[in-house]
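Take a look at the structure below.
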There are 2 protein chains.
Amino acid sequence: MPDSSWALDPQVQPGPTNSIVDVPGIRVGQHERRGDGWLTGTTVVLAPPEGAVGGVDVRGGGPGTRETDLLDPRNQVDRVHAVTLSGGSAFGLAAADGVMRQLYAEGRGFPCGPEPEQVVPIVPAAVIFDLNRGGEFTATPDASFGVAACDAASHEAPALGCVGAGTGAECGGLKGGVGSASAVLPDGTTVAALVVANPGGHVLDLRTGELVGTRALLEGDLDVLGEHAAYGLRRPTPEDLASARERATTERGGLTPKVLATTIGVIATDATLTKAQAAKVAGIGHDGMARAIDPVHTMFDGDTLFTLATGDRPAPDPMAFHGLLTVAARTVTRAIVRAVLAAESVTTRSGTTRCYLEAFPSALRRS
Amino acid sequence: MPDSSWALDPQVQPGPTNSIVDVPGIRVGQHERRGDGWLTGTTVVLAPPEGAVGGVDVRGGGPGTRETDLLDPRNQVDRVHAVTLSGGSAFGLAAADGVMRQLYAEGRGFPCGPEPEQVVPIVPAAVIFDLNRGGEFTATPDASFGVAACDAASHEAPALGCVGAGTGAECGGLKGGVGSASAVLPDGTTVAALVVANPGGHVLDLRTGELVGTRALLEGDLDVLGEHAAYGLRRPTPEDLASARERATTERGGLTPKVLATTIGVIATDATLTKAQAAKVAGIGHDGMARAIDPVHTMFDGDTLFTLATGDRPAPDPMAFHGLLTVAARTVTRAIVRAVLAAESVTTRSGTTRCYLEAFPSALRRS
């Protein structure tokens with residue numbers, strides 16, 4: 001049994017932006033539409049021009065995906081050029097058409113012809129269920145959302161909360177959204193995650209109102225990684241909990257989970273990984289979901305995680321890979337916590353969905 | 001070891017059209033575009049309105065797919081409303097967007113909202129590599145091809161050869177296309193297949209010029225099932241073989257296989273199958289490919305087969321399921337043979353690709 005104590009080493013620190021763009025070369029672009037029945041969007045995570053080694057693990061019982069079979073380590077293509085995350089359930093898979101179009105125009109893809117520009121961009125995709133959240137069932141992302149998300153892509157830290165694919169997201173009846181976090185390992189390797197948190201399960205402990213994700217992380221680790229400091233979280237008062245419980249029985253925006261849900265995301269690292277190792281990273285990332293959401297991976301969640309490994313840094317030895325896996329799972333948990341904390345209450349034709357910090361105002365330590 | 005001799009029983013006969021529409025409720029629609037750099041298309045296999053139990057097996061090393069993860073027997077959704085087969089490599093996955101749109105307009109899909117019309121059509125898809133076959137790399141199917149294929153759908157026997165998703169298909173350097181075949185088992189159950197034959201491997205025995213698929217089928221079975229009678233096939237003359245071999249070294253349309261390829265298809269049956277059994281049927285269908293194509297399932301083929309089980313007839317007992325599997329594999333082989341025999345030579349900006357019966361005219365017994 002290898003010694004993984006160093007994975008809790010205070011040397012493990014968030015990157016400069018505590019987001020997925022702390023992995024050099026990774027860009028994020030987001031596009032959303034609100035109002036007139038709309039409350040949905042698309043988030044694209046772009047690899048460097050030459051692509052990144054890709055992996056995927058589909059653990060939810062109701063997935064909506066495309067281009068996942070080619071990521072089987074037995075199969076040929078190992079370079080992914082972008083991952084498309086979108087609202088709109090299976091209708092939202094169309095957003096990847098637009099992402100492919102934009103990447104092709106940039107000459108980025110798998111070479112498939114005699115001419116250098118004859119490429120097929122490799123763009124795996126997964127979707128969340130957010131239909132009707134804006135009031136109009138058919139208001140779902142199409143190819144134009146993928147194009148707009150690519151046009152908006154940058155190396156800047158992505159906006160979190162109710163943006164891109166997280167625009168219509170909910171978390172166990174509260175508002176969900178996009179979250180991201182990063183960690184730099186002692187050897188200098190960066191591992192980071194971007195998630196769209198839209199689970200049917202709860203993200204808080206119904207006995208105390210505390211976010212399950214913050215309690216799952218070791219206190220020391222949490223403090224080191226700054227989530228507590230950043231948000232000044234504390235256990236909510238019993239009054240807030242009683243109020244939230246009461247609303248749960250009477251309105252949306254209480255604690256009434258949606259049955260149809262899904263949490264999706266991307267884990268990125270600058271380590272050099274094999275395709276099989278990339279799939280393993282995606283797999284252990286689901287443990288990070290399990291530590292922030294309960295229940296998760298149900299028959300009504302399409303929970304899916306992708307990995308992008310850019311290979312700027314050396315391949316990890318077995319102990320270093322063990323550490324990368326340990327931190328990767330924790331980074332997914334942290335990204336989910338940040339998604340919930342960044343989310344804001346929203347009111348649409350379908351009603352009001354409150355965010356965690358509105359439902360539990362006492363959880364935020366005013367300074 | 002169960003006795004499967006009855007699977008060769010002369011009682012096993014093709015259905016009325018010897019095609020996939022012999023399974024009651026199944027419809028096929030096709031759309032293609034030729035000329036001006038185009039040589040590609042889309043074929044959609046539509047389940048009955050309530051959907052059919054779906055399965056998939058991806059055996060090629062370079063697949064292009066969508067909505068295959070939900071077909072994992074562990075996952076929730078078990079009813080598929082259509083399968084989209086398309087040219088255009090991964091770009092062609094967009095055709096499924098159009099098929100979803102048309103099915104949604106008909107109210108066909110997985111119920112996802114309070115209103116009956118709020119459904120998400122379940123439309124798995126797979127694509128073949130046919131880029132550049134018409135001369136224009138970017139001339140690939142989009143959503144409009146899926147819409148047009150749905151509009152063209154009928155219960156009539158589908159056109160075979162260079163139509164729909166088979167328009168740009170090749171088989172080991174000869175012209176490929178769409179093929180279909182059906183068989184009615186002694187208990188009255190129908191099993192049928194529709195394939196888009198576009199393999200990199202050869203469909204003929206290079207020593208004799210005979211189609212591998214016809215030689216793989218037992219003579220008795222072949223005669224019973226009428227492929228020989230229908231086409232009057234015989235072993236080509238040595239002169240035809242020498243001529244084809246010579247052209248192989250000098251031109252397209254000889255026997256020069258494409259490296260990038262893929263054979264995809266759908267096996268349909270009116271039996272009542274579980275989702276796991278449907279996946280097993282798709283898996284054994286790949287044995288039918290192996291008996292008609294060599295090599296197949298390479299790292300450059302995205303070979304994928306889907307199953308649609310309509311459930312109009314009872315669930316088979318273990319022996320009956322054994323027989324269904326045996327015949328399902330043979331039906332895929334027969335469908336590939338029919339695709340090659342129905343294909344016609346074509347000339348585009350990219351050159352001429354000859355069909356088998358033009359390359360081996362002596363194989364056809366003139367009557």
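Naming works like this for the structure tokens: A, B, ... for the chains as they're shown, residue 1 at the start of each chain, ligands 1 onward in shown order.
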
Item to complete: With a distance cut-off of 9 Å and only C-alpha atoms, select the neighbouring residues of A:Glu170, excluding the residue or stretch itself and same-chain residues fewer than 6 positions from it, and output the selection as a PyMOL selection string.
Response: chain A and resi 130+176-177+197-200+257-258+261+340+353+355

Grab the residues selected above and save them as a PDB file, in the first residue's frame with N, CA and C atoms.
```pdb
ATOM      1  N   ASP A 130     -32.066  19.716 -18.382  1.00  0.00           N
ATOM      2  CA  ASP A 130     -32.565  20.986 -17.828  1.00  0.00           C
ATOM      3  C   ASP A 130     -33.809  21.450 -18.584  1.00  0.00           C
ATOM      4  N   GLY A 176     -28.169  25.013  -9.215  1.00  0.00           N
ATOM      5  CA  GLY A 176     -26.847  24.468  -9.512  1.00  0.00           C
ATOM      6  C   GLY A 176     -26.132  25.347 -10.497  1.00  0.00           C
ATOM      7  N   GLY A 177     -25.054  24.822 -11.072  1.00  0.00           N
ATOM      8  CA  GLY A 177     -24.334  25.615 -12.051  1.00  0.00           C
ATOM      9  C   GLY A 177     -22.979  25.039 -12.386  1.00  0.00           C
ATOM     10  N   ALA A 197     -22.868  21.103 -12.292  1.00  0.00           N
ATOM     11  CA  ALA A 197     -23.519  20.401 -11.180  1.00  0.00           C
ATOM     12  C   ALA A 197     -25.030  20.535 -11.290  1.00  0.00           C
ATOM     13  N   ASN A 198     -25.669  19.418 -11.631  1.00  0.00           N
ATOM     14  CA  ASN A 198     -27.118  19.389 -11.869  1.00  0.00           C
ATOM     15  C   ASN A 198     -27.706  18.072 -11.343  1.00  0.00           C
ATOM     16  N   PRO A 199     -27.288  17.668 -10.121  1.00  0.00           N
ATOM     17  CA  PRO A 199     -27.686  16.350  -9.631  1.00  0.00           C
ATOM     18  C   PRO A 199     -29.122  16.320  -9.118  1.00  0.00           C
ATOM     19  N   GLY A 200     -29.755  15.149  -9.204  1.00  0.00           N
ATOM     20  CA  GLY A 200     -31.029  14.951  -8.532  1.00  0.00           C
ATOM     21  C   GLY A 200     -30.827  14.825  -7.032  1.00  0.00           C
ATOM     22  N   PRO A 257     -35.793  17.651  -4.797  1.00  0.00           N
ATOM     23  CA  PRO A 257     -34.924  17.307  -5.932  1.00  0.00           C
ATOM     24  C   PRO A 257     -35.738  17.048  -7.189  1.00  0.00           C
ATOM     25  N   LYS A 258     -35.129  17.341  -8.335  1.00  0.00           N
ATOM     26  CA  LYS A 258     -35.690  16.919  -9.607  1.00  0.00           C
ATOM     27  C   LYS A 258     -35.327  15.441  -9.795  1.00  0.00           C
ATOM     28  N   ALA A 261     -31.923  14.530 -13.910  1.00  0.00           N
ATOM     29  CA  ALA A 261     -30.808  15.377 -13.505  1.00  0.00           C
ATOM     30  C   ALA A 261     -29.569  15.035 -14.330  1.00  0.00           C
ATOM     31  N   VAL A 340     -22.053  25.195  -6.419  1.00  0.00           N
ATOM     32  CA  VAL A 340     -23.226  25.469  -5.574  1.00  0.00           C
ATOM     33  C   VAL A 340     -23.111  26.854  -4.951  1.00  0.00           C
ATOM     34  N   THR A 353     -36.193  29.163  -8.287  1.00  0.00           N
ATOM     35  CA  THR A 353     -35.270  28.189  -7.717  1.00  0.00           C
ATOM     36  C   THR A 353     -34.219  28.962  -6.929  1.00  0.00           C
ATOM     37  N   CYS A 355     -30.879  29.681  -4.555  1.00  0.00           N
ATOM     38  CA  CYS A 355     -29.515  29.165  -4.416  1.00  0.00           C
ATOM     39  C   CYS A 355     -29.261  28.819  -2.950  1.00  0.00           C
TER      40      CYS A 355
END
```

Taking only C-alpha atoms into account, report as a PDB file with C-alpha atoms, in the first residue's frame which residues of chain A lie within 6 Å of chain B.
```
ATOM      1  CA  GLY A  61     -27.800   5.461 -15.501  1.00  0.00           C
ATOM      2  CA  GLY A  62     -29.289   7.956 -17.956  1.00  0.00           C
ATOM      3  CA  PRO A  63     -26.442   9.370 -20.038  1.00  0.00           C
ATOM      4  CA  GLY A  64     -26.704  11.553 -23.142  1.00  0.00           C
ATOM      5  CA  THR A  65     -23.363  11.423 -24.969  1.00  0.00           C
ATOM      6  CA  ARG A  66     -21.529  11.414 -28.298  1.00  0.00           C
ATOM      7  CA  GLU A  67     -18.059  10.310 -29.404  1.00  0.00           C
ATOM      8  CA  LEU A  70     -13.641   6.293 -29.627  1.00  0.00           C
ATOM      9  CA  ASN A  75      -9.547   2.249 -30.032  1.00  0.00           C
ATOM     10  CA  GLN A  76      -7.495   4.313 -32.438  1.00  0.00           C
ATOM     11  CA  MET A 299     -30.765   5.642 -13.010  1.00  0.00           C
TER      12      MET A 299
END
```

Item to complete: Write out as a list in words the residues lying within 8 Å of stretch 342-350 of chain A, counting only C-alpha atoms and excluding same-chain residues fewer than 5 positions away.
Response: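 That gives Gly35, Gly37, Asn132, Arg133, Gly134, Gly135, Leu160, Gly161, Cys162, Lys175, Gly176, Gly177, Val178, Gly179, Cys355, Tyr356 and Glu358 of chain A.
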
Next, write the just-selected residues to a file, as a PDB file, in the first residue's frame, keeping N, CA and C atoms as the atom set.
```pdb
ATOM      1  N   GLY A  35     -34.504  33.887 -20.411  1.00  0.00           N
ATOM      2  CA  GLY A  35     -35.696  34.672 -20.710  1.00  0.00           C
ATOM      3  C   GLY A  35     -36.461  34.115 -21.898  1.00  0.00           C
ATOM      4  N   GLY A  37     -38.633  31.934 -21.986  1.00  0.00           N
ATOM      5  CA  GLY A  37     -38.733  30.474 -21.898  1.00  0.00           C
ATOM      6  C   GLY A  37     -37.396  29.770 -21.894  1.00  0.00           C
ATOM      7  N   ASN A 132     -37.421  22.492 -19.675  1.00  0.00           N
ATOM      8  CA  ASN A 132     -38.529  23.172 -18.975  1.00  0.00           C
ATOM      9  C   ASN A 132     -38.084  24.122 -17.872  1.00  0.00           C
ATOM     10  N   ARG A 133     -36.778  24.195 -17.575  1.00  0.00           N
ATOM     11  CA  ARG A 133     -36.366  25.033 -16.435  1.00  0.00           C
ATOM     12  C   ARG A 133     -36.662  26.511 -16.719  1.00  0.00           C
ATOM     13  N   GLY A 134     -36.633  26.874 -18.004  1.00  0.00           N
ATOM     14  CA  GLY A 134     -36.948  28.264 -18.370  1.00  0.00           C
ATOM     15  C   GLY A 134     -38.402  28.448 -18.738  1.00  0.00           C
ATOM     16  N   GLY A 135     -39.126  27.328 -18.785  1.00  0.00           N
ATOM     17  CA  GLY A 135     -40.558  27.397 -19.076  1.00  0.00           C
ATOM     18  C   GLY A 135     -40.928  26.903 -20.461  1.00  0.00           C
ATOM     19  N   LEU A 160     -18.277  31.271 -13.102  1.00  0.00           N
ATOM     20  CA  LEU A 160     -18.872  30.106 -12.435  1.00  0.00           C
ATOM     21  C   LEU A 160     -20.328  30.408 -12.078  1.00  0.00           C
ATOM     22  N   GLY A 161     -21.051  29.351 -11.747  1.00  0.00           N
ATOM     23  CA  GLY A 161     -22.451  29.514 -11.344  1.00  0.00           C
ATOM     24  C   GLY A 161     -23.385  29.320 -12.521  1.00  0.00           C
ATOM     25  N   CYS A 162     -24.360  30.213 -12.653  1.00  0.00           N
ATOM     26  CA  CYS A 162     -25.438  30.021 -13.635  1.00  0.00           C
ATOM     27  C   CYS A 162     -25.029  30.569 -14.994  1.00  0.00           C
ATOM     28  N   LYS A 175     -30.391  25.858  -6.632  1.00  0.00           N
ATOM     29  CA  LYS A 175     -29.804  26.210  -7.920  1.00  0.00           C
ATOM     30  C   LYS A 175     -28.425  25.591  -8.060  1.00  0.00           C
ATOM     31  N   GLY A 176     -28.169  25.013  -9.215  1.00  0.00           N
ATOM     32  CA  GLY A 176     -26.847  24.468  -9.512  1.00  0.00           C
ATOM     33  C   GLY A 176     -26.132  25.347 -10.497  1.00  0.00           C
ATOM     34  N   GLY A 177     -25.054  24.822 -11.072  1.00  0.00           N
ATOM     35  CA  GLY A 177     -24.334  25.615 -12.051  1.00  0.00           C
ATOM     36  C   GLY A 177     -22.979  25.039 -12.386  1.00  0.00           C
ATOM     37  N   VAL A 178     -22.136  25.903 -12.925  1.00  0.00           N
ATOM     38  CA  VAL A 178     -20.775  25.522 -13.309  1.00  0.00           C
ATOM     39  C   VAL A 178     -19.829  25.796 -12.146  1.00  0.00           C
ATOM     40  N   GLY A 179     -18.938  24.842 -11.872  1.00  0.00           N
ATOM     41  CA  GLY A 179     -17.912  25.024 -10.850  1.00  0.00           C
ATOM     42  C   GLY A 179     -16.577  24.566 -11.375  1.00  0.00           C
ATOM     43  N   CYS A 355     -30.879  29.681  -4.555  1.00  0.00           N
ATOM     44  CA  CYS A 355     -29.515  29.165  -4.416  1.00  0.00           C
ATOM     45  C   CYS A 355     -29.261  28.819  -2.950  1.00  0.00           C
ATOM     46  N   TYR A 356     -28.184  28.075  -2.716  1.00  0.00           N
ATOM     47  CA  TYR A 356     -27.861  27.630  -1.358  1.00  0.00           C
ATOM     48  C   TYR A 356     -27.702  28.802  -0.406  1.00  0.00           C
ATOM     49  N   GLU A 358     -28.958  31.703  -0.500  1.00  0.00           N
ATOM     50  CA  GLU A 358     -30.211  32.392  -0.152  1.00  0.00           C
ATOM     51  C   GLU A 358     -31.047  31.520   0.788  1.00  0.00           C
TER      52      GLU A 358
END
```

Item to complete: Give me every strand (DSSP E or B) residue in stretch 55-303 of chain B, going by DSSP on the backbone, as a PyMOL selection string.
Response: chain B and resi 55-58+65-66+79-80+82-86+110-111+119-120+125-127+154+161+170-171+174-175+177-184+190-197+202+204+211+233+264-269+294

Worksheet item: Could you pull out the alpha helix (DSSP H) residues of stretch 71-218 of chain B from DSSP and send them as an MDAnalysis selection string?
Response: chainID B and resid 95:105 143:151 212:216

Can you spit out the residues from that selection as a compact mmCIF listing (two decimals), in the first residue's frame, using N, CA and C atoms?
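Output saved as again_5.txt:
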```
# COMPACT_ATOMS: atom_id res chain seq x y z
N ALA B 95 -26.68 14.46 -38.63
CA ALA B 95 -27.93 13.97 -39.24
C ALA B 95 -28.93 13.53 -38.17
N ALA B 96 -28.40 13.02 -37.05
CA ALA B 96 -29.29 12.56 -35.97
C ALA B 96 -30.06 13.72 -35.33
N ASP B 97 -29.48 14.93 -35.40
CA ASP B 97 -30.22 16.10 -34.89
C ASP B 97 -31.53 16.26 -35.65
N GLY B 98 -31.46 16.08 -36.97
CA GLY B 98 -32.66 16.23 -37.79
C GLY B 98 -33.67 15.12 -37.54
N VAL B 99 -33.16 13.90 -37.31
CA VAL B 99 -34.07 12.78 -37.01
C VAL B 99 -34.77 13.04 -35.68
N MET B 100 -34.02 13.53 -34.68
CA MET B 100 -34.66 13.87 -33.39
C MET B 100 -35.75 14.91 -33.58
N ARG B 101 -35.46 15.92 -34.39
CA ARG B 101 -36.42 17.01 -34.61
C ARG B 101 -37.72 16.45 -35.19
N GLN B 102 -37.60 15.57 -36.19
CA GLN B 102 -38.80 15.03 -36.84
C GLN B 102 -39.60 14.15 -35.89
N LEU B 103 -38.89 13.32 -35.11
CA LEU B 103 -39.60 12.43 -34.18
C LEU B 103 -40.29 13.24 -33.09
N TYR B 104 -39.59 14.31 -32.63
CA TYR B 104 -40.21 15.16 -31.60
C TYR B 104 -41.51 15.76 -32.14
N ALA B 105 -41.47 16.20 -33.40
CA ALA B 105 -42.66 16.82 -34.01
C ALA B 105 -43.81 15.83 -34.05
N ALA B 143 -28.08 18.12 -40.40
CA ALA B 143 -29.39 17.78 -39.85
C ALA B 143 -30.45 17.63 -40.94
N SER B 144 -30.30 18.41 -42.02
CA SER B 144 -31.32 18.35 -43.08
C SER B 144 -31.39 16.97 -43.73
N PHE B 145 -30.27 16.25 -43.73
CA PHE B 145 -30.28 14.89 -44.28
C PHE B 145 -31.13 13.97 -43.40
N GLY B 146 -31.05 14.16 -42.08
CA GLY B 146 -31.87 13.34 -41.17
C GLY B 146 -33.35 13.64 -41.35
N VAL B 147 -33.66 14.93 -41.52
CA VAL B 147 -35.05 15.33 -41.75
C VAL B 147 -35.56 14.70 -43.04
N ALA B 148 -34.77 14.81 -44.12
CA ALA B 148 -35.21 14.30 -45.42
C ALA B 148 -35.34 12.77 -45.39
N ALA B 149 -34.45 12.11 -44.67
CA ALA B 149 -34.53 10.64 -44.57
C ALA B 149 -35.82 10.24 -43.85
N CYS B 150 -36.16 10.97 -42.79
CA CYS B 150 -37.42 10.67 -42.07
C CYS B 150 -38.62 10.90 -42.98
N ASP B 151 -38.58 12.02 -43.72
CA ASP B 151 -39.70 12.33 -44.63
C ASP B 151 -39.87 11.24 -45.69
N VAL B 212 -16.55 -13.48 -50.40
CA VAL B 212 -16.30 -14.26 -49.19
C VAL B 212 -17.62 -14.61 -48.50
N GLY B 213 -18.55 -13.68 -48.54
CA GLY B 213 -19.82 -13.90 -47.83
C GLY B 213 -20.61 -15.06 -48.39
N THR B 214 -20.60 -15.21 -49.72
CA THR B 214 -21.37 -16.32 -50.30
C THR B 214 -20.72 -17.65 -49.97
N ARG B 215 -19.38 -17.66 -49.88
CA ARG B 215 -18.71 -18.92 -49.58
C ARG B 215 -18.81 -19.26 -48.11
N ALA B 216 -19.04 -18.23 -47.28
CA ALA B 216 -19.14 -18.50 -45.84
C ALA B 216 -20.48 -19.15 -45.50
```

Worksheet item: Which neighbours of B:Val327 fall inside 12 Å, counting only C-alpha atoms, when residues of the same chain fewer than 3 positions from it are skipped, and could you give them as a PyMOL selection string?
Response: chain B and resi 4-9+12-14+181-186+189-193+217+221+225+267-269+281+284-285+287-288+320-324+330-334
